[in-house]
Amino acid sequence: MDYTIVELPEQQLIGLARTGLLNDDPECSAKIGAVWQRFNTPDTFEAIPDAETIPYPCFGAYYDYDLTTNGYTLLVGCASSAVAAPEGMASVTIP
């Protein structure tokens, strides 16, 4: 399988977040899938201010890992130059 490494500048992502995910949770895949399903609706995408869809329309970012519990946060969203996330959404900066 061939892979392409893409380097992108620092960017802020805004979207839907789910905290407290655990790798050893049998429902982990379903919980992640539910976030993607909620994100993939026109209302959610349109609610992201200044969404940048080029070169990629959306991202899944896993962050805030806790090595003692194997927990982490998932954010599904778009790059955005907005100052703040709208109510009900979260933001994270990817260096």
# chains A, B, ... in the order shown; residues from 1 in each chain; ligands from 1

call {"tool": "residues_around", "arguments": {"residues": "Thr19 of chain A", "least_positions_apart": "4", "cutoff": "8 Å", "atoms": "only C-alpha atoms", "output": "PyMOL selection string"}}
result
chain A and resi 72-74

call {"tool": "select_by_dssp", "arguments": {"residues": "chain A", "states": "alpha helix (DSSP H)", "output": "list of chain:residue names"}}
result
A:Cys28, A:Ser29, A:Ala30, A:Lys31, A:Ile32, A:Gly33, A:Ala34, A:Val35, A:Trp36, A:Gln37, A:Arg38, A:Phe39, A:Pro42, A:Asp43, A:Thr44, A:Phe45, A:Glu46

call {"tool": "closest_residue", "arguments": {"among": "A:Pro26, A:Gly15, A:Pro9, A:Gly60", "to": "Ser80 of chain A", "atoms": "only C-alpha atoms"}}
result
A:Gly15

call {"tool": "closest_residue", "arguments": {"among": "A:Leu8, A:Ala61, A:Val76, A:Leu67", "to": "Gly33 of chain A", "atoms": "only C-alpha atoms"}}
result
A:Val76

call {"tool": "closest_residue", "arguments": {"among": "A:Ile54, A:Leu75, A:Leu13, A:Ile5", "to": "Trp36 of chain A", "atoms": "only C-alpha atoms"}}
result
A:Leu75

call {"tool": "residues_around", "arguments": {"residues": "Ala51 of chain A", "least_positions_apart": "6", "cutoff": "8 Å", "atoms": "only C-alpha atoms", "output": "list in words"}}
result
Cys78, Ala79, Ser80 and Ser81 of chain A

call {"tool": "decode", "arguments": {"residues": "segment 51-62 of chain A", "atoms": "all heavy atoms", "output": "JSON list (two decimals), in the first residue's frame"}}
result
[["chain", "number", "residue", "atom", "x", "y", "z"],
["A", 51, "ALA", "N", -15.86, 27.96, 7.51],
["A", 51, "ALA", "CA", -15.32, 26.62, 7.24],
["A", 51, "ALA", "C", -14.48, 26.64, 5.97],
["A", 51, "ALA", "O", -14.88, 27.20, 4.96],
["A", 51, "ALA", "CB", -16.44, 25.61, 7.11],
["A", 52, "GLU", "N", -13.30, 26.06, 6.07],
["A", 52, "GLU", "CA", -12.40, 25.95, 4.93],
["A", 52, "GLU", "C", -12.42, 24.51, 4.44],
["A", 52, "GLU", "O", -12.08, 23.60, 5.19],
["A", 52, "GLU", "CB", -10.99, 26.37, 5.35],
["A", 52, "GLU", "CG", -10.93, 27.80, 5.86],
["A", 52, "GLU", "CD", -9.61, 28.14, 6.53],
["A", 52, "GLU", "OE1", -8.65, 27.35, 6.45],
["A", 52, "GLU", "OE2", -9.55, 29.21, 7.16],
["A", 53, "THR", "N", -12.81, 24.31, 3.22],
["A", 53, "THR", "CA", -12.96, 22.94, 2.71],
["A", 53, "THR", "C", -11.86, 22.54, 1.73],
["A", 53, "THR", "O", -11.91, 21.44, 1.18],
["A", 53, "THR", "CB", -14.33, 22.77, 2.05],
["A", 53, "THR", "OG1", -14.44, 23.73, 0.98],
["A", 53, "THR", "CG2", -15.44, 22.98, 3.05],
["A", 54, "ILE", "N", -10.89, 23.41, 1.51],
["A", 54, "ILE", "CA", -9.81, 23.08, 0.58],
["A", 54, "ILE", "C", -8.50, 23.12, 1.36],
["A", 54, "ILE", "O", -8.25, 24.10, 2.05],
["A", 54, "ILE", "CB", -9.78, 24.08, -0.58],
["A", 54, "ILE", "CG1", -11.13, 24.05, -1.24],
["A", 54, "ILE", "CG2", -8.61, 23.82, -1.50],
["A", 54, "ILE", "CD1", -11.29, 24.27, -2.65],
["A", 55, "PRO", "N", -7.65, 22.16, 1.35],
["A", 55, "PRO", "CA", -7.69, 21.00, 0.46],
["A", 55, "PRO", "C", -8.52, 19.84, 0.98],
["A", 55, "PRO", "O", -8.75, 18.89, 0.26],
["A", 55, "PRO", "CB", -6.22, 20.59, 0.37],
["A", 55, "PRO", "CG", -5.65, 20.95, 1.71],
["A", 55, "PRO", "CD", -6.41, 22.19, 2.12],
["A", 56, "TYR", "N", -8.98, 19.86, 2.23],
["A", 56, "TYR", "CA", -9.77, 18.76, 2.79],
["A", 56, "TYR", "C", -11.03, 19.30, 3.41],
["A", 56, "TYR", "O", -10.99, 20.28, 4.15],
["A", 56, "TYR", "CB", -8.95, 17.99, 3.84],
["A", 56, "TYR", "CG", -7.65, 17.48, 3.30],
["A", 56, "TYR", "CD1", -6.45, 18.10, 3.61],
["A", 56, "TYR", "CD2", -7.63, 16.39, 2.44],
["A", 56, "TYR", "CE1", -5.25, 17.64, 3.09],
["A", 56, "TYR", "CE2", -6.45, 15.93, 1.92],
["A", 56, "TYR", "CZ", -5.25, 16.55, 2.24],
["A", 56, "TYR", "OH", -4.08, 16.10, 1.71],
["A", 57, "PRO", "N", -12.18, 18.65, 3.18],
["A", 57, "PRO", "CA", -13.44, 19.18, 3.72],
["A", 57, "PRO", "C", -13.63, 18.95, 5.21],
["A", 57, "PRO", "O", -14.29, 19.75, 5.86],
["A", 57, "PRO", "CB", -14.50, 18.46, 2.91],
["A", 57, "PRO", "CG", -13.84, 17.22, 2.41],
["A", 57, "PRO", "CD", -12.39, 17.54, 2.28],
["A", 58, "CYS", "N", -13.09, 17.87, 5.76],
["A", 58, "CYS", "CA", -13.28, 17.64, 7.19],
["A", 58, "CYS", "C", -12.14, 16.80, 7.75],
["A", 58, "CYS", "O", -11.40, 16.16, 7.01],
["A", 58, "CYS", "CB", -14.63, 16.99, 7.47],
["A", 58, "CYS", "SG", -14.83, 15.36, 6.75],
["A", 59, "PHE", "N", -12.03, 16.85, 9.07],
["A", 59, "PHE", "CA", -10.97, 16.15, 9.77],
["A", 59, "PHE", "C", -11.56, 15.42, 10.98],
["A", 59, "PHE", "O", -12.54, 15.87, 11.57],
["A", 59, "PHE", "CB", -9.92, 17.13, 10.31],
["A", 59, "PHE", "CG", -9.13, 17.85, 9.26],
["A", 59, "PHE", "CD1", -9.61, 19.03, 8.71],
["A", 59, "PHE", "CD2", -7.92, 17.35, 8.84],
["A", 59, "PHE", "CE1", -8.87, 19.70, 7.75],
["A", 59, "PHE", "CE2", -7.17, 18.02, 7.89],
["A", 59, "PHE", "CZ", -7.65, 19.19, 7.34],
["A", 60, "GLY", "N", -10.92, 14.34, 11.36],
["A", 60, "GLY", "CA", -11.15, 13.70, 12.64],
["A", 60, "GLY", "C", -9.88, 13.84, 13.45],
["A", 60, "GLY", "O", -8.83, 13.35, 13.03],
["A", 61, "ALA", "N", -9.93, 14.57, 14.55],
["A", 61, "ALA", "CA", -8.74, 14.80, 15.37],
["A", 61, "ALA", "C", -8.91, 14.09, 16.71],
["A", 61, "ALA", "O", -9.93, 14.27, 17.39],
["A", 61, "ALA", "CB", -8.54, 16.29, 15.59],
["A", 62, "TYR", "N", -7.94, 13.29, 17.07],
["A", 62, "TYR", "CA", -7.92, 12.60, 18.35],
["A", 62, "TYR", "C", -6.86, 13.27, 19.20],
["A", 62, "TYR", "O", -5.71, 13.39, 18.78],
["A", 62, "TYR", "CB", -7.57, 11.13, 18.13],
["A", 62, "TYR", "CG", -8.59, 10.38, 17.32],
["A", 62, "TYR", "CD1", -8.63, 10.48, 15.93],
["A", 62, "TYR", "CD2", -9.53, 9.57, 17.94],
["A", 62, "TYR", "CE1", -9.57, 9.80, 15.18],
["A", 62, "TYR", "CE2", -10.48, 8.88, 17.20],
["A", 62, "TYR", "CZ", -10.49, 9.00, 15.82],
["A", 62, "TYR", "OH", -11.42, 8.32, 15.08]]
